[in-house]
file protein_23.pdb (PDB, C-alpha atoms)
ATOM      1  CA  GLN A  17      -8.283 -39.865  -9.633  1.00  0.00           C
ATOM      2  CA  ASP A  18      -5.054 -41.709 -10.370  1.00  0.00           C
ATOM      3  CA  THR A  19      -5.908 -45.381 -10.757  1.00  0.00           C
ATOM      4  CA  ILE A  20      -2.312 -46.479 -11.384  1.00  0.00           C
ATOM      5  CA  LYS A  21      -0.846 -48.148  -8.352  1.00  0.00           C
ATOM      6  CA  LYS A  22       2.447 -46.613  -7.349  1.00  0.00           C
ATOM      7  CA  GLU A  23       5.166 -49.103  -6.599  1.00  0.00           C
ATOM      8  CA  THR A  24       6.651 -49.111  -3.171  1.00  0.00           C
ATOM      9  CA  LYS A  25      10.331 -48.665  -2.400  1.00  0.00           C
ATOM     10  CA  GLU A  26      10.765 -52.412  -1.895  1.00  0.00           C
ATOM     11  CA  GLU A  27       8.974 -53.197  -5.160  1.00  0.00           C
ATOM     12  CA  ARG A  28      11.185 -50.707  -7.048  1.00  0.00           C
ATOM     13  CA  LYS A  29      14.347 -52.249  -5.604  1.00  0.00           C
ATOM     14  CA  ALA A  30      13.134 -55.738  -6.509  1.00  0.00           C
ATOM     15  CA  ARG A  31      12.292 -54.615 -10.051  1.00  0.00           C
ATOM     16  CA  GLU A  32      15.682 -52.926 -10.553  1.00  0.00           C
ATOM     17  CA  LYS A  33      17.460 -55.990  -9.202  1.00  0.00           C
ATOM     18  CA  ALA A  34      15.541 -58.225 -11.598  1.00  0.00           C
ATOM     19  CA  GLU A  35      16.380 -55.920 -14.532  1.00  0.00           C
ATOM     20  CA  LYS A  36      20.080 -56.008 -13.665  1.00  0.00           C
ATOM     21  CA  GLU A  37      19.976 -59.790 -13.385  1.00  0.00           C
ATOM     22  CA  ARG A  38      18.208 -60.016 -16.739  1.00  0.00           C
ATOM     23  CA  ALA A  39      20.782 -57.714 -18.357  1.00  0.00           C
ATOM     24  CA  LYS A  40      23.508 -60.259 -17.587  1.00  0.00           C
ATOM     25  CA  PHE A  41      21.869 -62.759 -19.933  1.00  0.00           C
ATOM     26  CA  TYR A  42      20.807 -60.380 -22.709  1.00  0.00           C
ATOM     27  CA  TYR A  43      22.678 -58.163 -25.159  1.00  0.00           C
ATOM     28  CA  LYS A  44      20.419 -55.602 -26.837  1.00  0.00           C
ATOM     29  CA  ASP A  45      17.397 -57.856 -26.156  1.00  0.00           C
ATOM     30  CA  ILE A  46      19.252 -60.829 -27.672  1.00  0.00           C
ATOM     31  CA  LEU A  47      19.617 -63.829 -25.376  1.00  0.00           C
ATOM     32  CA  LYS A  48      23.255 -64.768 -24.859  1.00  0.00           C
ATOM     33  CA  ASP A  49      24.187 -68.384 -25.364  1.00  0.00           C
ATOM     34  CA  SER A  50      26.053 -70.452 -22.782  1.00  0.00           C
ATOM     35  CA  ALA A  51      29.395 -70.037 -24.583  1.00  0.00           C
ATOM     36  CA  ARG A  52      29.118 -66.232 -24.483  1.00  0.00           C
ATOM     37  CA  LEU A  53      28.215 -66.300 -20.786  1.00  0.00           C
ATOM     38  CA  HIS A  54      31.150 -68.607 -20.033  1.00  0.00           C
ATOM     39  CA  ILE A  55      33.570 -66.344 -21.912  1.00  0.00           C
ATOM     40  CA  GLU A  56      32.318 -63.295 -20.022  1.00  0.00           C
ATOM     41  CA  HIS A  57      32.687 -65.208 -16.752  1.00  0.00           C
ATOM     42  CA  LEU A  58      36.314 -66.093 -17.557  1.00  0.00           C
ATOM     43  CA  SER A  59      37.092 -62.473 -18.440  1.00  0.00           C
ATOM     44  CA  ASN A  60      35.484 -61.201 -15.243  1.00  0.00           C
ATOM     45  CA  VAL A  61      37.489 -63.689 -13.182  1.00  0.00           C
ATOM     46  CA  ALA A  62      40.724 -62.591 -14.908  1.00  0.00           C
ATOM     47  CA  TRP A  63      40.349 -58.847 -14.327  1.00  0.00           C
ATOM     48  CA  LYS A  64      39.098 -59.246 -10.760  1.00  0.00           C
ATOM     49  CA  ARG A  65      42.083 -61.408  -9.876  1.00  0.00           C
ATOM     50  CA  SER A  66      44.463 -58.882 -11.416  1.00  0.00           C
ATOM     51  CA  ALA A  67      42.774 -56.135  -9.422  1.00  0.00           C
ATOM     52  CA  MET A  68      43.355 -58.090  -6.204  1.00  0.00           C
ATOM     53  CA  LEU A  69      46.904 -59.222  -7.005  1.00  0.00           C
ATOM     54  CA  PRO A  70      48.795 -57.937 -10.063  1.00  0.00           C
ATOM     55  CA  GLY A  71      49.726 -60.774 -12.393  1.00  0.00           C
ATOM     56  CA  TRP A  72      47.148 -63.201 -11.027  1.00  0.00           C
ATOM     57  CA  GLY A  73      44.796 -62.566 -13.937  1.00  0.00           C
ATOM     58  CA  GLN A  74      47.653 -63.110 -16.393  1.00  0.00           C
ATOM     59  CA  ILE A  75      48.417 -66.438 -14.702  1.00  0.00           C
ATOM     60  CA  THR A  76      44.728 -67.352 -14.987  1.00  0.00           C
ATOM     61  CA  ASN A  77      44.766 -66.595 -18.714  1.00  0.00           C
ATOM     62  CA  GLY A  78      47.995 -68.526 -19.266  1.00  0.00           C
ATOM     63  CA  GLY A  79      49.689 -68.352 -22.638  1.00  0.00           C
ATOM     64  CA  LYS A  80      53.224 -68.556 -23.920  1.00  0.00           C
ATOM     65  CA  TYR A  81      54.031 -64.883 -23.166  1.00  0.00           C
ATOM     66  CA  LEU A  82      53.370 -65.237 -19.436  1.00  0.00           C
ATOM     67  CA  TRP A  83      57.098 -65.337 -18.656  1.00  0.00           C
ATOM     68  CA  ILE A  84      57.415 -61.898 -20.301  1.00  0.00           C
ATOM     69  CA  LYS A  85      54.310 -60.284 -18.792  1.00  0.00           C
ATOM     70  CA  LEU A  86      54.992 -61.061 -15.128  1.00  0.00           C
ATOM     71  CA  PRO A  87      58.533 -59.591 -15.032  1.00  0.00           C
ATOM     72  CA  ILE A  88      57.263 -56.457 -16.787  1.00  0.00           C
ATOM     73  CA  ILE A  89      54.366 -56.038 -14.348  1.00  0.00           C
ATOM     74  CA  TYR A  90      56.415 -56.580 -11.211  1.00  0.00           C
ATOM     75  CA  GLY A  91      59.402 -54.740 -12.632  1.00  0.00           C
ATOM     76  CA  GLY A  92      57.167 -51.684 -12.963  1.00  0.00           C
ATOM     77  CA  PHE A  93      56.042 -51.948  -9.334  1.00  0.00           C
ATOM     78  CA  ILE A  94      59.571 -52.458  -8.052  1.00  0.00           C
ATOM     79  CA  THR A  95      60.780 -49.458 -10.045  1.00  0.00           C
ATOM     80  CA  ALA A  96      57.886 -47.387  -8.694  1.00  0.00           C
ATOM     81  CA  TYR A  97      58.861 -48.344  -5.134  1.00  0.00           C
ATOM     82  CA  PHE A  98      62.472 -47.217  -5.543  1.00  0.00           C
ATOM     83  CA  VAL A  99      61.442 -43.985  -7.291  1.00  0.00           C
ATOM     84  CA  PHE A 100      58.941 -43.254  -4.519  1.00  0.00           C
ATOM     85  CA  ASP A 101      61.566 -43.942  -1.865  1.00  0.00           C
ATOM     86  CA  TYR A 102      64.050 -41.654  -3.671  1.00  0.00           C
ATOM     87  CA  TRP A 103      61.707 -38.660  -3.838  1.00  0.00           C
ATOM     88  CA  ASN A 104      60.374 -39.273  -0.327  1.00  0.00           C
ATOM     89  CA  TRP A 105      63.892 -39.312   1.135  1.00  0.00           C
ATOM     90  CA  TYR A 106      64.658 -35.900  -0.341  1.00  0.00           C
ATOM     91  CA  TYR A 107      61.239 -34.569   0.691  1.00  0.00           C
ATOM     92  CA  ARG A 108      61.817 -35.551   4.314  1.00  0.00           C
ATOM     93  CA  LYS A 109      65.365 -34.194   4.233  1.00  0.00           C
ATOM     94  CA  PHE A 110      64.304 -30.750   2.978  1.00  0.00           C
ATOM     95  CA  THR A 111      61.226 -30.681   5.240  1.00  0.00           C
ATOM     96  CA  LYS A 112      63.337 -31.393   8.307  1.00  0.00           C
ATOM     97  CA  GLU A 113      65.839 -28.663   7.408  1.00  0.00           C
ATOM     98  CA  ALA A 114      63.078 -26.130   6.660  1.00  0.00           C
ATOM     99  CA  ALA A 115      61.422 -26.860  10.014  1.00  0.00           C
ATOM    100  CA  TYR A 116      64.789 -26.455  11.771  1.00  0.00           C
ATOM    101  CA  ARG A 117      65.377 -23.089  10.077  1.00  0.00           C
ATOM    102  CA  ILE A 118      61.917 -21.839  11.065  1.00  0.00           C
ATOM    103  CA  ASP A 119      62.359 -22.922  14.693  1.00  0.00           C
ATOM    104  CA  ASN A 120      65.893 -21.473  14.992  1.00  0.00           C
ATOM    105  CA  ASN A 121      65.563 -18.086  13.299  1.00  0.00           C
ATOM    106  CA  ASP A 122      66.951 -19.249   9.929  1.00  0.00           C
ATOM    107  CA  ALA A 123      70.147 -20.660  11.451  1.00  0.00           C
ATOM    108  CA  ARG A 124      72.222 -22.583   8.911  1.00  0.00           C
ATOM    109  CA  ASP A 125      73.983 -24.930  11.315  1.00  0.00           C
ATOM    110  CA  GLY A 126      71.581 -27.828  10.717  1.00  0.00           C
ATOM    111  CA  ASP A 127      72.048 -30.087   7.684  1.00  0.00           C
ATOM    112  CA  GLN A 128      75.391 -29.097   6.210  1.00  0.00           C
ATOM    113  CA  ASP A 129      74.432 -30.482   2.777  1.00  0.00           C
ATOM    114  CA  LEU A 130      71.722 -27.794   2.548  1.00  0.00           C
ATOM    115  CA  ARG A 131      73.519 -24.829   4.101  1.00  0.00           C
ATOM    116  CA  ASN A 132      73.636 -22.991   0.751  1.00  0.00           C
ATOM    117  CA  TYR A 133      69.823 -23.073   0.413  1.00  0.00           C
ATOM    118  CA  THR A 134      67.722 -20.169   1.594  1.00  0.00           C
ATOM    119  CA  LEU A 135      64.535 -20.869   3.551  1.00  0.00           C
ATOM    120  CA  ASP A 136      62.387 -20.091   0.500  1.00  0.00           C
ATOM    121  CA  GLY A 137      64.565 -22.368  -1.609  1.00  0.00           C
ATOM    122  CA  LEU A 138      64.148 -25.180   0.906  1.00  0.00           C
ATOM    123  CA  ILE A 139      60.373 -24.799   0.886  1.00  0.00           C
ATOM    124  CA  ARG A 140      60.195 -24.747  -2.921  1.00  0.00           C
ATOM    125  CA  ALA A 141      62.441 -27.809  -3.168  1.00  0.00           C
ATOM    126  CA  LYS A 142      60.371 -29.582  -0.524  1.00  0.00           C
ATOM    127  CA  ASP A 143      57.176 -28.903  -2.484  1.00  0.00           C
ATOM    128  CA  ASN A 144      58.768 -30.128  -5.714  1.00  0.00           C
ATOM    129  CA  TYR A 145      59.907 -33.400  -4.144  1.00  0.00           C
ATOM    130  CA  ARG A 146      56.483 -33.926  -2.619  1.00  0.00           C
ATOM    131  CA  ARG A 147      54.916 -33.362  -6.037  1.00  0.00           C
ATOM    132  CA  TYR A 148      57.273 -35.887  -7.637  1.00  0.00           C
ATOM    133  CA  ARG A 149      56.529 -38.393  -4.878  1.00  0.00           C
ATOM    134  CA  ASP A 150      52.765 -37.983  -5.273  1.00  0.00           C
ATOM    135  CA  MET A 151      53.073 -38.263  -9.049  1.00  0.00           C
ATOM    136  CA  THR A 152      54.876 -41.574  -8.568  1.00  0.00           C
ATOM    137  CA  VAL A 153      51.911 -42.856  -6.574  1.00  0.00           C
ATOM    138  CA  LEU A 154      49.527 -41.759  -9.339  1.00  0.00           C
ATOM    139  CA  ILE A 155      51.621 -43.442 -12.042  1.00  0.00           C
ATOM    140  CA  THR A 156      51.732 -46.619  -9.954  1.00  0.00           C
ATOM    141  CA  ALA A 157      47.926 -46.606  -9.744  1.00  0.00           C
ATOM    142  CA  VAL A 158      47.745 -46.199 -13.538  1.00  0.00           C
ATOM    143  CA  TRP A 159      50.207 -49.110 -13.918  1.00  0.00           C
ATOM    144  CA  TRP A 160      47.963 -51.230 -11.679  1.00  0.00           C
ATOM    145  CA  ALA A 161      44.917 -50.314 -13.788  1.00  0.00           C
ATOM    146  CA  GLY A 162      46.857 -51.199 -16.952  1.00  0.00           C
ATOM    147  CA  ASN A 163      47.580 -54.622 -15.504  1.00  0.00           C
ATOM    148  CA  VAL A 164      43.833 -55.141 -14.939  1.00  0.00           C
ATOM    149  CA  ILE A 165      42.926 -53.943 -18.453  1.00  0.00           C
ATOM    150  CA  GLU A 166      45.563 -56.198 -20.015  1.00  0.00           C
ATOM    151  CA  ALA A 167      44.219 -59.252 -18.161  1.00  0.00           C
ATOM    152  CA  TYR A 168      40.650 -58.521 -19.272  1.00  0.00           C
ATOM    153  CA  THR A 169      41.588 -57.782 -22.890  1.00  0.00           C
ATOM    154  CA  ASP A 170      43.823 -60.822 -23.190  1.00  0.00           C
ATOM    155  CA  SER A 171      41.069 -63.043 -21.799  1.00  0.00           C
ATOM    156  CA  MET A 172      38.502 -61.647 -24.243  1.00  0.00           C
ATOM    157  CA  LEU A 173      40.779 -62.047 -27.260  1.00  0.00           C
ATOM    158  CA  ARG A 174      42.006 -65.475 -26.188  1.00  0.00           C
ATOM    159  CA  ASN A 175      38.548 -66.947 -25.611  1.00  0.00           C
ATOM    160  CA  ARG A 176      36.261 -65.037 -27.952  1.00  0.00           C
ATOM    161  CA  TYR A 177      38.389 -65.026 -31.072  1.00  0.00           C
ATOM    162  CA  ASN A 178      40.525 -67.786 -32.488  1.00  0.00           C
ATOM    163  CA  ILE A 179      43.847 -66.056 -33.021  1.00  0.00           C
ATOM    164  CA  SER A 180      45.898 -68.789 -34.638  1.00  0.00           C
ATOM    165  CA  ASP A 181      49.555 -68.646 -35.591  1.00  0.00           C
ATOM    166  CA  ASN A 182      48.784 -70.809 -38.617  1.00  0.00           C
ATOM    167  CA  LEU A 183      48.646 -67.995 -41.176  1.00  0.00           C
ATOM    168  CA  SER A 184      49.429 -69.044 -44.725  1.00  0.00           C
ATOM    169  CA  MET A 185      49.211 -67.591 -48.200  1.00  0.00           C
ATOM    170  CA  LYS A 186      49.090 -69.349 -51.551  1.00  0.00           C
ATOM    171  CA  ILE A 187      49.857 -67.738 -54.884  1.00  0.00           C
ATOM    172  CA  ASN A 188      48.681 -69.474 -58.078  1.00  0.00           C
ATOM    173  CA  PRO A 189      48.799 -68.311 -61.700  1.00  0.00           C
ATOM    174  CA  VAL A 190      45.326 -68.068 -63.259  1.00  0.00           C
ATOM    175  CA  LEU A 191      43.573 -66.777 -66.362  1.00  0.00           C
ATOM    176  CA  LEU A 192      41.166 -63.983 -65.474  1.00  0.00           C
ATOM    177  CA  PRO A 193      38.103 -63.281 -67.641  1.00  0.00           C
ATOM    178  CA  MET A 194      38.061 -59.850 -69.237  1.00  0.00           C
ATOM    179  CA  THR A 195      34.586 -58.626 -68.364  1.00  0.00           C
ATOM    180  CA  GLY A 196      33.221 -55.487 -69.931  1.00  0.00           C
ATOM    181  CA  VAL A 197      35.004 -56.097 -73.211  1.00  0.00           C
ATOM    182  CA  GLY A 198      32.981 -56.498 -76.400  1.00  0.00           C
ATOM    183  CA  PHE A 199      32.546 -59.842 -78.104  1.00  0.00           C
ATOM    184  CA  GLN A 200      35.807 -61.391 -79.162  1.00  0.00           C
ATOM    185  CA  SER A 201      35.917 -64.141 -81.733  1.00  0.00           C
ATOM    186  CA  ASN A 202      39.244 -65.415 -80.449  1.00  0.00           C
ATOM    187  CA  LEU A 203      38.784 -67.359 -77.196  1.00  0.00           C
ATOM    188  CA  ALA A 204      42.302 -66.557 -76.001  1.00  0.00           C
ATOM    189  CA  SER A 205      41.649 -62.803 -76.196  1.00  0.00           C
ATOM    190  CA  GLN A 206      38.763 -63.120 -73.676  1.00  0.00           C
ATOM    191  CA  PHE A 207      41.144 -63.969 -70.828  1.00  0.00           C
ATOM    192  CA  THR A 208      44.210 -62.311 -69.394  1.00  0.00           C
ATOM    193  CA  PRO A 209      46.932 -63.875 -67.258  1.00  0.00           C
ATOM    194  CA  GLY A 210      47.011 -63.014 -63.550  1.00  0.00           C
ATOM    195  CA  ILE A 211      47.750 -64.374 -60.121  1.00  0.00           C
ATOM    196  CA  LYS A 212      45.422 -65.612 -57.403  1.00  0.00           C
ATOM    197  CA  MET A 213      46.354 -64.976 -53.763  1.00  0.00           C
ATOM    198  CA  THR A 214      44.619 -67.035 -51.072  1.00  0.00           C
ATOM    199  CA  PHE A 215      45.011 -66.160 -47.391  1.00  0.00           C
ATOM    200  CA  ASN A 216      44.188 -68.643 -44.634  1.00  0.00           C
ATOM    201  CA  PHE A 217      43.472 -67.179 -41.205  1.00  0.00           C
TER
END

call {"tool": "encode", "arguments": {"input": "protein_23.pdb", "output": "structure tokens"}}
result
Amino acid sequence: QDTIKKETKEERKAREKAEKERAKFYYKDILKDSARLHIEHLSNVAWKRSAMLPGWGQITNGGKYLWIKLPIIYGGFITAYFVFDYWNWYYRKFTKEAAYRIDNNDARDGDQDLRNYTLDGLIRAKDNYRRYRDMTVLITAVWWAGNVIEAYTDSMLRNRYNISDNLSMKINPVLLPMTGVGFQSNLASQFTPGIKMTFNF
């Protein structure tokens, strides 16, 4: 007889919820400190805001390149709108003419701009313009996702790592010991001139 008590559906849901809640505060069974949790909270706020409204996460992160990021983000969306409108206009134009030809026994007295197109040519052109229009929508969605990823990445790098502009390098002449060389009676022959480079990050 099975003596192990089977958990009910409610107990399983409660256990899974508790495990998910615990996972927020642990990384590979290591308890996260308050600074790590705060950084993750800031990053989550940034990407969620960018998902709701493009550029909002970038404004939340701040920084001196904000005046460059926002025009690029919204310039991409404005460009996508005009490209979509361009392809959609031609799609509707060719669709209307193809429907007119079908209803009127392939009469070419409809749109005079398209009178040189055959019915098959109109249908192929219509399908091509629809494909271009739909591709514009897909690219716009990818652009939106890129805006979210940029907000999250910028927040993580800005808060987790100290990326300072104060990078300096010092070069000093030094005498380097010649290790691996046999015993030398002359002290000067045990050293060789060189340079020492020190980087400050």

call {"tool": "closest_residue", "arguments": {"input": "protein_23.pdb", "among": "A:Asn175, A:Val153, A:Ala114, A:Ala167", "to": "Ala67 (chain A)", "atoms": "only C-alpha atoms"}}
result
A:Ala167

call {"tool": "resolve_selection", "arguments": {"input": "protein_23.pdb", "expression": "the PyMOL selection byres ((chain A and resi 88-99) around 8)", "output": "PDB file with C-alpha atoms, in the coordinates of the input"}}
result
ATOM      1  CA  PRO A  70      48.795 -57.937 -10.063  1.00  0.00           C
ATOM      2  CA  GLY A  71      49.726 -60.774 -12.393  1.00  0.00           C
ATOM      3  CA  ILE A  84      57.415 -61.898 -20.301  1.00  0.00           C
ATOM      4  CA  LYS A  85      54.310 -60.284 -18.792  1.00  0.00           C
ATOM      5  CA  LEU A  86      54.992 -61.061 -15.128  1.00  0.00           C
ATOM      6  CA  PRO A  87      58.533 -59.591 -15.032  1.00  0.00           C
ATOM      7  CA  PHE A 100      58.941 -43.254  -4.519  1.00  0.00           C
ATOM      8  CA  ASP A 101      61.566 -43.942  -1.865  1.00  0.00           C
ATOM      9  CA  TYR A 102      64.050 -41.654  -3.671  1.00  0.00           C
ATOM     10  CA  TRP A 103      61.707 -38.660  -3.838  1.00  0.00           C
ATOM     11  CA  ARG A 149      56.529 -38.393  -4.878  1.00  0.00           C
ATOM     12  CA  THR A 152      54.876 -41.574  -8.568  1.00  0.00           C
ATOM     13  CA  VAL A 153      51.911 -42.856  -6.574  1.00  0.00           C
ATOM     14  CA  THR A 156      51.732 -46.619  -9.954  1.00  0.00           C
ATOM     15  CA  TRP A 159      50.207 -49.110 -13.918  1.00  0.00           C
ATOM     16  CA  ASN A 163      47.580 -54.622 -15.504  1.00  0.00           C
TER      17      ASN A 163
END

call {"tool": "axis_aligned_box", "arguments": {"input": "protein_23.pdb", "around": "region 23-41 of chain A", "padding_each_side": "8 Å", "output": "lines of an AutoDock Vina configuration file"}}
result
center_x = 14.3
center_y = -55.7
center_z = -10.9
size_x = 34.3
size_y = 30.1
size_z = 34.0

call {"tool": "residues_near_point", "arguments": {"input": "protein_23.pdb", "point": "(58.2, -29.0, 0.5)", "cutoff": "9 Å", "atoms": "all atoms listed in the file", "output": "list in words"}}
result
Tyr107, Arg108, Phe110, Thr111, Ala114, Leu138, Ile139, Arg140, Ala141, Lys142, Asp143, Asn144, Tyr145, Arg146 and Arg147 of chain A

call {"tool": "resolve_selection", "arguments": {"input": "protein_23.pdb", "expression": "the PyMOL selection byres ((chain A and resi 210) around 6)", "output": "list in words"}}
result
Pro189, Val190, Leu191, Pro209 and Ile211 of chain A

call {"tool": "closest_residue", "arguments": {"input": "protein_23.pdb", "among": "A:Ala51, A:Lys36, A:Lys22, A:Met68", "to": "Trp160 (chain A)", "atoms": "all atoms listed in the file"}}
result
A:Met68

call {"tool": "closest_residue", "arguments": {"input": "protein_23.pdb", "among": "A:Asn121, A:Ala62, A:Thr134, A:Lys40", "to": "Gln74 (chain A)", "atoms": "all atoms listed in the file"}}
result
A:Ala62

call {"tool": "residues_around", "arguments": {"input": "protein_23.pdb", "residues": "Phe41 (chain A)", "least_positions_apart": "5", "cutoff": "8 Å", "atoms": "all atoms listed in the file", "output": "mmCIF file with C-alpha atoms, in the frame of the given file"}}
result
data_model
loop_
_atom_site.group_PDB
_atom_site.id
_atom_site.type_symbol
_atom_site.label_atom_id
_atom_site.label_comp_id
_atom_site.auth_asym_id
_atom_site.auth_seq_id
_atom_site.Cartn_x
_atom_site.Cartn_y
_atom_site.Cartn_z
ATOM 1 C CA LEU A 47 19.617 -63.829 -25.376
ATOM 2 C CA LYS A 48 23.255 -64.768 -24.859
ATOM 3 C CA LEU A 53 28.215 -66.300 -20.786
#

call {"tool": "atom_distance", "arguments": {"input": "protein_23.pdb", "atom1": "CA of Thr214 (chain A)", "atom2": "CA of Ile187 (chain A)"}}
result
6.5 Å

call {"tool": "build_atoms", "arguments": {"input": "protein_23.pdb", "residues": "region 50-67 of chain A", "atoms": "N, CA, C and O atoms", "output": "short mmCIF file (atom, residue, chain, number, x, y, z; two decimals), in the coordinates of the input"}}
result
data_model
loop_
_atom_site.label_atom_id
_atom_site.label_comp_id
_atom_site.auth_asym_id
_atom_site.auth_seq_id
_atom_site.Cartn_x
_atom_site.Cartn_y
_atom_site.Cartn_z
N SER A 50 25.24 -70.02 -23.92
CA SER A 50 26.05 -70.45 -22.78
C SER A 50 27.54 -70.20 -23.02
O SER A 50 28.28 -69.91 -22.08
N ALA A 51 27.98 -70.29 -24.29
CA ALA A 51 29.40 -70.04 -24.58
C ALA A 51 29.75 -68.58 -24.31
O ALA A 51 30.79 -68.27 -23.73
N ARG A 52 28.88 -67.66 -24.72
CA ARG A 52 29.12 -66.23 -24.48
C ARG A 52 29.16 -65.93 -22.98
O ARG A 52 30.03 -65.19 -22.51
N LEU A 53 28.24 -66.52 -22.23
CA LEU A 53 28.22 -66.30 -20.79
C LEU A 53 29.46 -66.86 -20.12
O LEU A 53 30.02 -66.25 -19.20
N HIS A 54 29.94 -68.00 -20.60
CA HIS A 54 31.15 -68.61 -20.03
C HIS A 54 32.37 -67.75 -20.33
O HIS A 54 33.24 -67.56 -19.46
N ILE A 55 32.44 -67.21 -21.54
CA ILE A 55 33.57 -66.34 -21.91
C ILE A 55 33.57 -65.08 -21.05
O ILE A 55 34.61 -64.66 -20.55
N GLU A 56 32.41 -64.48 -20.86
CA GLU A 56 32.32 -63.30 -20.02
C GLU A 56 32.69 -63.61 -18.58
O GLU A 56 33.33 -62.80 -17.90
N HIS A 57 32.32 -64.80 -18.11
CA HIS A 57 32.69 -65.21 -16.75
C HIS A 57 34.20 -65.33 -16.62
O HIS A 57 34.79 -64.85 -15.63
N LEU A 58 34.86 -65.96 -17.60
CA LEU A 58 36.31 -66.09 -17.56
C LEU A 58 37.00 -64.73 -17.55
O LEU A 58 37.98 -64.51 -16.83
N SER A 59 36.49 -63.81 -18.37
CA SER A 59 37.09 -62.47 -18.44
C SER A 59 36.90 -61.72 -17.14
O SER A 59 37.81 -61.02 -16.68
N ASN A 60 35.73 -61.86 -16.52
CA ASN A 60 35.48 -61.20 -15.24
C ASN A 60 36.38 -61.76 -14.14
O ASN A 60 36.90 -61.01 -13.31
N VAL A 61 36.59 -63.07 -14.16
CA VAL A 61 37.49 -63.69 -13.18
C VAL A 61 38.91 -63.17 -13.37
O VAL A 61 39.61 -62.84 -12.40
N ALA A 62 39.35 -63.03 -14.62
CA ALA A 62 40.72 -62.59 -14.91
C ALA A 62 40.97 -61.17 -14.40
O ALA A 62 41.96 -60.92 -13.70
N TRP A 63 40.08 -60.24 -14.73
CA TRP A 63 40.35 -58.85 -14.33
C TRP A 63 40.18 -58.65 -12.83
O TRP A 63 40.89 -57.85 -12.22
N LYS A 64 39.27 -59.38 -12.21
CA LYS A 64 39.10 -59.25 -10.76
C LYS A 64 40.32 -59.78 -10.01
O LYS A 64 40.75 -59.21 -9.01
N ARG A 65 40.88 -60.87 -10.51
CA ARG A 65 42.08 -61.41 -9.88
C ARG A 65 43.27 -60.47 -10.04
O ARG A 65 44.08 -60.30 -9.12
N SER A 66 43.38 -59.85 -11.21
CA SER A 66 44.46 -58.88 -11.42
C SER A 66 44.28 -57.64 -10.56
O SER A 66 45.25 -57.00 -10.17
N ALA A 67 43.02 -57.28 -10.29
CA ALA A 67 42.77 -56.14 -9.42
C ALA A 67 43.18 -56.45 -7.99
O ALA A 67 43.67 -55.58 -7.27
#
